[in-house]
Each structure stands twice: as structure tokens, then as C-alpha cells.
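First comes the structure, then the notes that go with it.
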There are 2 protein chains.
Amino acid sequence: MARVGLTTETLIRAGAETADEIGFEHTTPTELARRFGVRTASLYSHVKNAHDLKTRIALFALEELADRVSEAVAGRAGKDALTAFANVYRDYALQHPGRFAATQFRLDAETAANSAGVRHAQMSRAILRGYDLAEPHQTHAVRLLGSVFSGYVTLEGSGGFSHSAPGSQESWTEILNALDALLRTWPTG
Amino acid sequence: MARVGLTTETLIRAGAETADEIGFEHTTPTELARRFGVRTASLYSHVKNAHDLKTRIALFALEELADRVSEAVAGRAGKDALTAFANVYRDYALQHPGRFAATQFRLDAETAANSAGVRHAQMSRAILRGYDLAEPHQTHAVRLLGSVFSGYVTLEGSGGFSHSAPGSQESWTEILNALDALLRTWPTG
DNA sequence: CGGCTTGCCTAATCAGGTTAGGCAAACTCG
DNA sequence: CGAGTTTGCCTAACCTGATTAGGCAAGCCG
């Protein structure tokens with residue numbers, strides 16, 4: 001019985017890959033055990049239960065995405081930063097659908113507060129520094145951007161925009177233009 | 001053994017209510033059987049399987065929401081129609097979180113094509129008749145609206161905007177104002 | 001009232017999740 | 001290197017949920 005050498009770390013990484021291959025909802029302890037060639041019960045020394053497994057994959061994906069966004073946004077401002085942020089976000093969802101789904105896994109308040117979700121929020125605000133928006137308008141704008149990005153990418157991922165012209169890429173580009181214009185002329189009133 | 005008198009219809013309605021109470025993902029054949037005081041196996045004469053049950057609840061919710069939207073939008077145009085549409089959509093999600101979750105259940109292409117989802121798409125376009133947008137800009141704008149509404153309501157529902165000022169209602173109002181302004185000055189070009 | 005339909009049941013099977021307890025591989029330290 | 005300790009992975013067992021096959025009887029129809 002050669003030991004496989006599982007760790008929580010390897011489990012989560014494999015979980016992220018599995019999620020991209022067969023979907024986050026099918027990324028179960030049983031499935032991971034199958035992939036490592038061990039019994040399901042053997043995973044329980046590394047993760048507490050199925051919910052814990054999913055939570056950890058979610059945290060991993062959140063972290064990974066935040067890293068990518070932060071790298072892309074560094075040194076950019078205004079529309080440049082906006083599109084960099086948005087494109088990294090969308091590309092991540094297209095390349096890693098399972099991980100992206102994981103980022104939307106509902107975390108309890110405390111876990112969320114200690115997650116990279118906080119960095120995401122900070123970066124959204126940073127984007128808006130390039131536009132001249134005072135509070136509370138800035139907060140409203142942050143919420144709009146979050147809604148558009150997550151909404152668009154989710155709809156696109158579930159096939160909402162396929163099979164119809166014009167292509168999704170064109171809509172995405174034009175929507176980013178429109179959002180940039182909107183942020184520059186935000187109605188404060 | 002007094003017969004309960006189940007039908008597919010009563011099952012789906014109960015399923016919608018159950019979803020609002022305990023969540024769409026927990027709305028399972030077993031749970032419904034419990035509520036009706038029958039054995040799980042007894043449901044299988046009314047729905048094909050668990051997936052079929054969820055699909056039917058999704059179709060029901062899609063229909064119900066489309067009815068509400070279409071009533072609210074009738075006789076309105078421009079910003080008036082936009083906010084009516086948006087508010088019905090958001091209120092539905094807040095009052096019926098389980099049914100709203102059901103509307104996002106992924107349907108296969110054929111089922112979706114025969115669903116009230118089609119009416120939703122038509123109504124989105126109708127809203128834009130009040131604004132002067134030629135194709136392909138109109139399609140891009142439809143996709144933006146869909147993304148914002150579904151994204152905002154989903155984030156709000158998963159607690160994204162609670163516990164932070166300003167309140168979600170204010171953001172919603174301002175975002176609708178901003179979208180109206182954006183649609184009137186959509187950057188074509 | 002007798003027969004037919006069919007709603008709901010029992011029984012059985014399968015997959016996934018989870019815990020308890022055990023054996024042995026691999027690390028630690030003299 | 002060898003003894004002791006840690007701990008990775010296993011077996012066994014149980015629970016919940018999904019699903020199918022086949023049966024009985026309640027209630028409709030003539």
C-alpha cells in the first residue's frame with residue numbers, strides 16, 4: 001500500500017482542477033478520493049467534511065483570482081485599469097469555470113471577512129480612484145461594477161449569449177466602453 | 001391510508017414554496033414527500049426524477065416572474081419602464097429567494113427555448129424601445145441590463161451588500177438612474 | 001355492485017457523506 | 001541503526017437521498 005502522500009494543499013489544488021473539468025458541484029470527497037486512488041474516508045484527516053472541502057477550494061480560487069487582478073491592475077489607471085480588471089476577471093471565468101463557480105460559493109460571514117474577497121473589494125475601489133467619484137457615489141459605482149462583471153460572466157458561462165449575434169466578445173468590449181463613459185459622467189444628483 | 005391527491009401541479013407549487021423556505025438546493029423529492037406525508041417513491045408517478053422536479057419549478061418561477069414583469073411594464077416607457085422592470089425583478093428575488101434561485105437553474109437548450117425565458121428576452125428589448133439604440137448596440141445594452149439586474153440581485157441575496165453603508169436600496173436607486181442616463185447617451189462608435 | 005384505473009406503498013438497490021477504530025509506513029531520536 | 005511514536009490510509013458500519021419494480025386497495029365508471 002504505497003502511500004499517496006495527501007495533504008490538504010494537494011487536495012485543494014486537485015479539487016480546483018477537478019472543478020474545472022467536471023464542475024464545482026461535482027467536486028466531492030468521493031470524486032477526489034477516486035482520482036487519488038484512495039478510499040473516501042481517507043480524505044477526512046485532511047478536510048473536515050464536504051463543506052469544508054468546497055470552502056477551501058473557494059478560498060483558493062478567490063486568492064488566485066485576486067493575485068491575477070492585482071498584477072493586471074498594478075500601474076494602470078482609469079479606463080486602462082477598468083478593462084484590465086474586467087478582462088482578468090472574465091478570462092479567469094472562461095478558463096477556469098469550476099474555480100470561478102467556486103468563487104461564488106457562499107461563505108459564512110467570518111470566513112468571508114478573512115478571505116481574499118476583501119482584496120477584491122479594495123481593488124474595485126482602487127479602480128474608481130481614476131474617476132472622480134465622491135462617496136456615497138463611489139460605493140454605488142463599486143456595486144454596479146461588481147454586479148455587471150459577475151452577472152455578465154455568469155450569464156455568459158451558462159450559455160446565455162451563445163448562438164446569437166453579435167458575439168459575446170463584442171458585447172463585452174462595448175459594455176466596458178459604456179461603463180467607462182458612465183463612470184466619467186456619473187449622474188450625482 | 002387516505003390519499004393525499006398529489007398532482008404534478010401541486011407538487012411544483014409546494015416545491016416553489018419549499019424553495020423559498022429552505023432554499024432551492026434543498027428542495028428535493030425526499031423533502032417534498034416529507035411535507036406531503038407520503039413516501040418518496042410516491043412522487044415518481046408525478047415527476048420523472050429530481051432533475052425533472054427542479055426543472056419544473058424553474059419553469060414555474062420563470063413564468064410567474066415573466067407575468068409580473070409584463071404586467072408592470074405594460075403602458076410604461078423609457079425610464080419608467082426600466083425601473084418598473086428592474087423593481088419587479090428585484091422584489092421577486094427578495095420575496096421569493098428560492099424561486100429566484102430556481103430561475104437561474106440551468107436548463108438544457110430545448111427546454112429553455114420553450115420557456116418563459118423567451119418572454120424575458122422580449123421584454124428586455126421592449127424596454128429599450130424607449131431609448132434610441134440601433135443594432136447591434138441594442139443587443140449589447142440588453143446584455144448589460146441582464147447582467148446588472150441578475151448580478152446585483154444575486155450579490156444582494158448572498159449578503160454582499162448587507163452590513164455596509166449606504167444601504168442597498170440607495171445603491172439600487174442610483175444604479176437605475178445611472179443606467180437610464182447611460183442608455184440615453186450610449187456611446188456608439 | 002363489480003371491474004378497472006391508478007395513487008401510494010413496501011422492498012430493494014445504489015451513490016455520497018461521515019465516524020470509529022485499526023494496522024503499518026515513515027519519521028524521530030538516542 | 002533500531003525502538004518508539006506519529007499518522008496516513010484502511011475496513012467496517014451507518015445515515016440520507018435517489019431511484020426502480022412490483023403490489024394492494026381506494027375510488028371512479030359503467
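Convention: chains lettered A, B, ... in C-alpha cells order; per-chain residue numbering from 1; ligands numbered from 1 as shown.
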Item to check | Polymer residues at most 10 Å from region 1-16 of chain C, only C-alpha atoms (C1' of nucleotides), same-chain spacing of 3 or more positions, as a PyMOL selection string | outcome: (chain A and resi 28-31+40) or (chain B and resi 1-7+38-43+45) or (chain D and resi 16-30)
For C-alpha atoms (C1' of nucleotides), I'd like the residues from the last selection saved as a PDB file, in the first residue's frame.
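Ended up saving to part.pdb:
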ATOM      1  CA  THR A  28     -16.990  15.859  -3.936  1.00  0.00           C
ATOM      2  CA  PRO A  29     -14.842  13.949  -1.462  1.00  0.00           C
ATOM      3  CA  THR A  30     -15.767  10.739  -3.256  1.00  0.00           C
ATOM      4  CA  GLU A  31     -14.656  12.091  -6.606  1.00  0.00           C
ATOM      5  CA  THR A  40     -13.165   8.342   0.597  1.00  0.00           C
TER       6      THR A  40
ATOM      7  CA  MET B   1     -54.462   5.393   4.114  1.00  0.00           C
ATOM      8  CA  ALA B   2     -56.327   8.495   2.975  1.00  0.00           C
ATOM      9  CA  ARG B   3     -54.928   9.515  -0.339  1.00  0.00           C
ATOM     10  CA  VAL B   4     -53.253  12.886  -0.444  1.00  0.00           C
ATOM     11  CA  GLY B   5     -54.243  13.558  -4.028  1.00  0.00           C
ATOM     12  CA  LEU B   6     -50.917  14.640  -5.406  1.00  0.00           C
ATOM     13  CA  THR B   7     -50.580  16.003  -8.896  1.00  0.00           C
ATOM     14  CA  VAL B  38     -46.073  10.314   1.712  1.00  0.00           C
ATOM     15  CA  ARG B  39     -43.159   8.076   0.816  1.00  0.00           C
ATOM     16  CA  THR B  40     -40.542   9.465  -1.519  1.00  0.00           C
ATOM     17  CA  ALA B  41     -41.195   6.758  -4.070  1.00  0.00           C
ATOM     18  CA  SER B  42     -44.754   8.032  -4.428  1.00  0.00           C
ATOM     19  CA  LEU B  43     -43.583  11.195  -6.133  1.00  0.00           C
ATOM     20  CA  SER B  45     -45.542   8.926 -10.703  1.00  0.00           C
TER      21      SER B  45
ATOM     22  C1'  DT D  16     -29.565  10.295   3.940  1.00  0.00           C
ATOM     23  C1'  DG D  17     -31.164  10.845  -0.658  1.00  0.00           C
ATOM     24  C1'  DA D  18     -32.401   8.970  -5.444  1.00  0.00           C
ATOM     25  C1'  DT D  19     -34.492   5.542  -7.991  1.00  0.00           C
ATOM     26  C1'  DT D  20     -36.943   1.224  -9.766  1.00  0.00           C
ATOM     27  C1'  DA D  21     -40.057  -2.876  -9.530  1.00  0.00           C
ATOM     28  C1'  DG D  22     -43.948  -4.719  -8.152  1.00  0.00           C
ATOM     29  C1'  DG D  23     -48.256  -4.915  -5.117  1.00  0.00           C
ATOM     30  C1'  DC D  24     -52.621  -3.583  -2.786  1.00  0.00           C
ATOM     31  C1'  DA D  25     -56.590  -1.112  -2.313  1.00  0.00           C
ATOM     32  C1'  DA D  26     -59.282   3.311  -2.876  1.00  0.00           C
ATOM     33  C1'  DG D  27     -62.240   5.414  -5.737  1.00  0.00           C
ATOM     34  C1'  DC D  28     -64.154   6.091 -10.344  1.00  0.00           C
ATOM     35  C1'  DC D  29     -67.206   4.108 -14.293  1.00  0.00           C
ATOM     36  C1'  DG D  30     -70.498   1.643 -16.076  1.00  0.00           C
TER      37       DG D  30
END
Checklist entry - Which chain C residues are at most 8 Å from chain A (counting only C-alpha atoms (C1' of nucleotides)), as a list in words? => result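 Only these qualify: DG16, DG17, DT18 and DA25 of chain C.
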Determine which residues of chain B sit within 8 Å of chain A, taking into account only C-alpha atoms, and present them as a JSON list (two decimals) with C-alpha atoms, in the first residue's frame.
[["chain", "number", "residue", "atom", "x", "y", "z"],
["B", 106, "ARG", "CA", -29.51, 25.74, -15.91],
["B", 136, "PRO", "CA", -26.00, 45.99, -32.58],
["B", 139, "THR", "CA", -28.20, 43.83, -28.09],
["B", 140, "HIS", "CA", -25.17, 44.97, -26.14],
["B", 141, "ALA", "CA", -27.42, 47.09, -23.96],
["B", 143, "ARG", "CA", -26.93, 42.10, -22.21],
["B", 144, "LEU", "CA", -25.74, 44.85, -19.93],
["B", 146, "GLY", "CA", -29.47, 41.48, -17.85],
["B", 147, "SER", "CA", -26.03, 41.33, -16.29],
["B", 148, "VAL", "CA", -26.64, 44.21, -13.91],
["B", 149, "PHE", "CA", -30.02, 43.01, -12.73],
["B", 150, "SER", "CA", -29.11, 39.40, -12.23],
["B", 151, "GLY", "CA", -25.71, 40.27, -10.83],
["B", 152, "TYR", "CA", -26.99, 42.86, -8.40],
["B", 155, "LEU", "CA", -24.97, 39.62, -4.82],
["B", 158, "SER", "CA", -25.97, 36.37, -0.88],
["B", 166, "PRO", "CA", -25.01, 53.07, 2.28],
["B", 170, "GLU", "CA", -29.95, 53.59, -2.21],
["B", 171, "SER", "CA", -27.44, 51.86, -4.43],
["B", 172, "TRP", "CA", -30.23, 50.27, -6.41],
["B", 174, "GLU", "CA", -28.82, 55.33, -8.01],
["B", 175, "ILE", "CA", -27.77, 52.49, -10.28],
["B", 177, "ASN", "CA", -30.61, 56.40, -12.53],
["B", 178, "ALA", "CA", -27.15, 55.79, -13.86],
["B", 181, "ALA", "CA", -28.53, 58.13, -18.17],
["B", 182, "LEU", "CA", -26.22, 55.65, -19.84],
["B", 186, "TRP", "CA", -24.94, 55.28, -25.12],
["B", 187, "PRO", "CA", -21.51, 55.65, -26.75]]
Checklist entry - If you run DSSP on this backbone, which residues of region 8-154 of chain A come out as alpha helix (DSSP H), and could you give them as a count of residues only? => result 107
Chain B post-superposition (all in-order Cα pairs with chain A) as a CSV table (one decimal) with C-alpha atoms, in the first residue's frame:
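Listed below is the output, part_13.csv:
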chain,number,residue,atom,x,y,z
B,1,MET,CA,-0.1,-0.1,-0.2
B,2,ALA,CA,2.2,2.7,-1.3
B,3,ARG,CA,1.0,5.8,0.4
B,4,VAL,CA,-0.2,8.6,-1.9
B,5,GLY,CA,1.0,11.3,0.4
B,6,LEU,CA,-2.1,13.5,0.5
B,7,THR,CA,-2.1,16.8,2.2
B,8,THR,CA,-4.8,19.4,2.5
B,9,GLU,CA,-2.8,21.5,0.0
B,10,THR,CA,-2.7,18.8,-2.7
B,11,LEU,CA,-6.3,18.0,-2.1
B,12,ILE,CA,-7.4,21.6,-2.7
B,13,ARG,CA,-5.3,22.0,-5.8
B,14,ALA,CA,-6.7,18.8,-7.2
B,15,GLY,CA,-10.1,20.0,-6.2
B,16,ALA,CA,-9.7,23.2,-8.2
B,17,GLU,CA,-8.7,21.2,-11.3
B,18,THR,CA,-11.5,18.8,-10.8
B,19,ALA,CA,-13.9,21.6,-10.6
B,20,ASP,CA,-12.7,23.0,-13.9
B,21,GLU,CA,-13.1,19.6,-15.5
B,22,ILE,CA,-16.4,18.4,-14.2
B,23,GLY,CA,-17.9,21.3,-12.4
B,24,PHE,CA,-17.7,22.7,-8.8
B,25,GLU,CA,-20.9,21.0,-7.7
B,26,HIS,CA,-19.5,17.6,-8.7
B,27,THR,CA,-16.3,18.2,-6.8
B,28,THR,CA,-17.0,15.9,-3.9
B,29,PRO,CA,-14.9,13.9,-1.4
B,30,THR,CA,-15.8,10.7,-3.2
B,31,GLU,CA,-14.7,12.1,-6.6
B,32,LEU,CA,-11.3,13.3,-5.3
B,33,ALA,CA,-10.7,10.0,-3.5
B,34,ARG,CA,-11.3,8.3,-6.8
B,35,ARG,CA,-8.8,10.5,-8.5
B,36,PHE,CA,-6.1,9.8,-5.9
B,37,GLY,CA,-6.9,6.1,-5.8
B,38,VAL,CA,-7.7,6.1,-2.1
B,39,ARG,CA,-10.9,5.4,-0.1
B,40,THR,CA,-13.2,8.3,0.6
B,41,ALA,CA,-12.7,8.0,4.3
B,42,SER,CA,-9.0,8.7,3.9
B,43,LEU,CA,-9.7,12.3,3.0
B,44,TYR,CA,-11.2,13.1,6.4
B,45,SER,CA,-7.9,13.5,8.0
B,46,HIS,CA,-7.2,16.4,5.6
B,47,VAL,CA,-10.5,18.2,5.4
B,48,LYS,CA,-13.3,18.3,7.9
B,49,ASN,CA,-16.1,17.4,5.6
B,50,ALA,CA,-17.5,18.1,2.1
B,51,HIS,CA,-18.4,21.7,3.1
B,52,ASP,CA,-15.0,22.3,4.4
B,53,LEU,CA,-13.5,21.0,1.1
B,54,LYS,CA,-15.6,23.3,-1.0
B,55,THR,CA,-14.9,26.3,1.3
B,56,ARG,CA,-11.2,25.7,0.9
B,57,ILE,CA,-11.4,25.4,-2.8
B,58,ALA,CA,-13.4,28.7,-2.9
B,59,LEU,CA,-10.8,30.4,-0.8
B,60,PHE,CA,-8.0,29.1,-3.0
B,61,ALA,CA,-9.8,30.4,-6.2
B,62,LEU,CA,-10.6,33.8,-4.6
B,63,GLU,CA,-6.9,34.1,-3.7
B,64,GLU,CA,-5.7,33.1,-7.1
B,65,LEU,CA,-8.1,35.5,-8.9
B,66,ALA,CA,-7.1,38.4,-6.6
B,67,ASP,CA,-3.5,37.8,-7.4
B,68,ARG,CA,-4.1,37.9,-11.1
B,69,VAL,CA,-6.3,41.0,-10.8
B,70,SER,CA,-3.8,42.8,-8.6
B,71,GLU,CA,-1.0,42.1,-11.0
B,72,ALA,CA,-3.0,43.3,-14.0
B,73,VAL,CA,-4.2,46.4,-12.4
B,74,ALA,CA,-0.8,47.5,-11.0
B,75,GLY,CA,0.4,50.6,-12.7
B,76,ARG,CA,-2.8,51.3,-14.6
B,77,ALA,CA,-5.5,53.9,-14.0
B,78,GLY,CA,-8.8,55.0,-15.5
B,79,LYS,CA,-10.2,53.0,-18.4
B,80,ASP,CA,-7.0,51.1,-18.6
B,81,ALA,CA,-7.3,49.8,-15.1
B,82,LEU,CA,-11.1,49.1,-15.6
B,83,THR,CA,-10.6,47.0,-18.7
B,84,ALA,CA,-7.6,45.2,-17.2
B,85,PHE,CA,-9.6,44.3,-14.1
B,86,ALA,CA,-12.6,43.3,-16.1
B,87,ASN,CA,-10.7,41.2,-18.6
B,88,VAL,CA,-8.8,39.3,-16.0
B,89,TYR,CA,-12.0,38.5,-14.2
B,90,ARG,CA,-13.7,37.3,-17.4
B,91,ASP,CA,-10.8,35.4,-18.7
B,92,TYR,CA,-10.5,33.6,-15.4
B,93,ALA,CA,-14.1,32.6,-15.5
B,94,LEU,CA,-13.7,31.3,-19.1
B,95,GLN,CA,-10.5,29.4,-18.5
B,96,HIS,CA,-11.5,28.1,-15.1
B,97,PRO,CA,-15.2,27.8,-14.9
B,98,GLY,CA,-15.1,25.5,-11.9
B,99,ARG,CA,-12.8,27.8,-9.9
B,100,PHE,CA,-15.0,30.7,-10.9
B,101,ALA,CA,-18.1,28.9,-9.7
B,102,ALA,CA,-16.1,28.2,-6.5
B,103,THR,CA,-15.5,32.0,-6.0
B,104,GLN,CA,-19.3,32.4,-5.8
B,105,PHE,CA,-19.7,29.7,-3.1
B,106,ARG,CA,-21.4,31.2,-0.2
B,107,LEU,CA,-19.0,31.7,2.7
B,108,ASP,CA,-20.1,32.4,6.2
B,109,ALA,CA,-19.5,35.9,7.4
B,110,GLU,CA,-16.3,35.3,9.3
B,111,THR,CA,-14.7,33.2,6.6
B,112,ALA,CA,-15.5,35.8,4.0
B,113,ALA,CA,-14.1,38.5,6.2
B,114,ASN,CA,-10.7,36.7,6.3
B,115,SER,CA,-10.7,35.8,2.6
B,116,ALA,CA,-9.3,37.4,-0.4
B,117,GLY,CA,-12.8,38.7,-1.0
B,118,VAL,CA,-11.6,41.7,0.9
B,119,ARG,CA,-8.8,42.3,-1.6
B,120,HIS,CA,-11.3,42.2,-4.4
B,121,ALA,CA,-13.3,44.9,-2.7
B,122,GLN,CA,-10.2,47.1,-2.3
B,123,MET,CA,-9.2,46.7,-5.9
B,124,SER,CA,-12.7,47.6,-7.1
B,125,ARG,CA,-12.3,50.8,-5.1
B,126,ALA,CA,-8.9,51.4,-6.5
B,127,ILE,CA,-10.2,51.3,-10.0
B,128,LEU,CA,-12.6,54.1,-9.2
B,129,ARG,CA,-9.8,56.4,-8.0
B,130,GLY,CA,-9.2,57.1,-11.6
B,131,TYR,CA,-12.6,58.5,-11.9
B,132,ASP,CA,-13.8,61.5,-9.9
B,133,LEU,CA,-16.5,60.0,-7.7
B,134,ALA,CA,-17.2,61.1,-4.1
B,135,GLU,CA,-19.0,59.0,-1.6
B,136,PRO,CA,-21.6,57.7,-1.5
B,137,HIS,CA,-21.5,57.6,-5.3
B,138,GLN,CA,-18.3,55.6,-5.3
B,139,THR,CA,-19.9,52.8,-3.3
B,140,HIS,CA,-22.9,52.7,-5.7
B,141,ALA,CA,-20.5,52.5,-8.6
B,142,VAL,CA,-18.5,49.7,-7.0
B,143,ARG,CA,-21.7,47.8,-6.6
B,144,LEU,CA,-22.6,48.4,-10.2
B,145,LEU,CA,-19.3,47.2,-11.4
B,146,GLY,CA,-19.4,44.1,-9.3
B,147,SER,CA,-22.9,43.4,-10.5
B,148,VAL,CA,-22.1,43.8,-14.2
B,149,PHE,CA,-18.9,41.7,-14.1
B,150,SER,CA,-20.3,38.9,-12.1
B,151,GLY,CA,-23.6,39.0,-13.9
B,152,TYR,CA,-22.1,39.1,-17.3
B,153,VAL,CA,-19.6,36.3,-16.8
B,154,THR,CA,-22.2,34.1,-15.1
B,155,LEU,CA,-24.7,34.6,-17.9
B,156,GLU,CA,-22.0,34.0,-20.5
B,157,GLY,CA,-20.8,30.9,-18.7
B,158,SER,CA,-24.3,29.4,-18.6
B,159,GLY,CA,-24.6,29.9,-22.4
B,160,GLY,CA,-26.8,32.9,-22.3
B,161,PHE,CA,-25.0,34.7,-25.1
B,162,SER,CA,-24.0,31.8,-27.3
B,163,HIS,CA,-25.8,31.0,-30.6
B,164,SER,CA,-26.8,34.6,-31.1
B,165,ALA,CA,-25.2,37.5,-32.9
B,166,PRO,CA,-23.3,39.7,-32.2
B,167,GLY,CA,-20.6,37.6,-30.4
B,168,SER,CA,-20.1,37.9,-26.7
B,169,GLN,CA,-16.6,39.5,-27.1
B,170,GLU,CA,-18.1,42.4,-29.0
B,171,SER,CA,-20.7,43.0,-26.3
B,172,TRP,CA,-18.1,42.8,-23.6
B,173,THR,CA,-15.9,45.4,-25.3
B,174,GLU,CA,-18.8,47.7,-25.9
B,175,ILE,CA,-20.1,47.3,-22.3
B,176,LEU,CA,-16.7,48.2,-21.0
B,177,ASN,CA,-16.7,51.3,-23.1
B,178,ALA,CA,-20.1,52.2,-21.9
B,179,LEU,CA,-19.2,51.7,-18.3
B,180,ASP,CA,-16.1,53.9,-18.7
B,181,ALA,CA,-18.3,56.6,-20.2
B,182,LEU,CA,-20.8,56.2,-17.4
B,183,LEU,CA,-18.2,56.5,-14.7
B,184,ARG,CA,-16.8,59.7,-16.3
B,185,THR,CA,-20.3,61.3,-16.4
B,186,TRP,CA,-21.9,59.6,-13.3
B,187,PRO,CA,-25.1,61.4,-12.6
B,188,THR,CA,-24.7,62.8,-9.0
B,189,GLY,CA,-27.8,64.3,-7.9
Checklist entry - Could you list, as a PyMOL selection string, every residue of chain D that has an atom within 8 Å of an atom of chain A, counting only C-alpha atoms (C1' of nucleotides)? => result chain D and resi 8-10
Since we have the selection now, will you write its residues out, keeping N, CA and C atoms (P, O5', C5', C4', C3', O3' and C1' of nucleotides), as a PDB file, in the first residue's frame?
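selection-v2.pdb was written with the following content:
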ATOM      1  P    DG D   8      -0.807  12.548   8.211  1.00  0.00           P
ATOM      2  O5'  DG D   8      -0.799  11.741   6.837  1.00  0.00           O
ATOM      3  C5'  DG D   8       0.357  11.003   6.456  1.00  0.00           C
ATOM      4  C4'  DG D   8      -0.068   9.697   5.795  1.00  0.00           C
ATOM      5  C3'  DG D   8      -1.317   9.789   4.930  1.00  0.00           C
ATOM      6  O3'  DG D   8      -1.116   8.938   3.789  1.00  0.00           O
ATOM      7  C1'  DG D   8      -1.657   8.174   6.609  1.00  0.00           C
ATOM      8  P    DC D   9      -2.036   9.158   2.486  1.00  0.00           P
ATOM      9  O5'  DC D   9      -2.990   7.907   2.542  1.00  0.00           O
ATOM     10  C5'  DC D   9      -2.419   6.597   2.426  1.00  0.00           C
ATOM     11  C4'  DC D   9      -3.363   5.570   3.002  1.00  0.00           C
ATOM     12  C3'  DC D   9      -4.787   5.585   2.433  1.00  0.00           C
ATOM     13  O3'  DC D   9      -5.017   4.392   1.709  1.00  0.00           O
ATOM     14  C1'  DC D   9      -4.740   5.257   4.788  1.00  0.00           C
ATOM     15  P    DC D  10      -6.475   3.958   1.216  1.00  0.00           P
ATOM     16  O5'  DC D  10      -6.857   2.851   2.310  1.00  0.00           O
ATOM     17  C5'  DC D  10      -5.900   1.842   2.630  1.00  0.00           C
ATOM     18  C4'  DC D  10      -6.508   0.833   3.597  1.00  0.00           C
ATOM     19  C3'  DC D  10      -7.952   0.488   3.258  1.00  0.00           C
ATOM     20  O3'  DC D  10      -8.181  -0.902   3.172  1.00  0.00           O
ATOM     21  C1'  DC D  10      -7.791   1.286   5.505  1.00  0.00           C
TER      22       DC D  10
END
Item to check | All residues 12 Å or closer to DT5 (chain D), only C-alpha atoms (C1' of nucleotides), same chain fewer than 3 positions away omitted, as a PyMOL selection string | outcome: chain C and resi 26-29
Output for the residues just chosen: C-alpha atoms (C1' of nucleotides) as an mmCIF file, in the first residue's frame:
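New file part_14.cif:
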data_model
loop_
_atom_site.group_PDB
_atom_site.id
_atom_site.type_symbol
_atom_site.label_atom_id
_atom_site.label_comp_id
_atom_site.auth_asym_id
_atom_site.auth_seq_id
_atom_site.Cartn_x
_atom_site.Cartn_y
_atom_site.Cartn_z
ATOM 1 C "C1'" DA C 26 7.594 6.545 7.794
ATOM 2 C "C1'" DC C 27 9.583 9.861 10.823
ATOM 3 C "C1'" DT C 28 12.334 10.909 15.293
ATOM 4 C "C1'" DC C 29 15.702 10.440 18.415
#
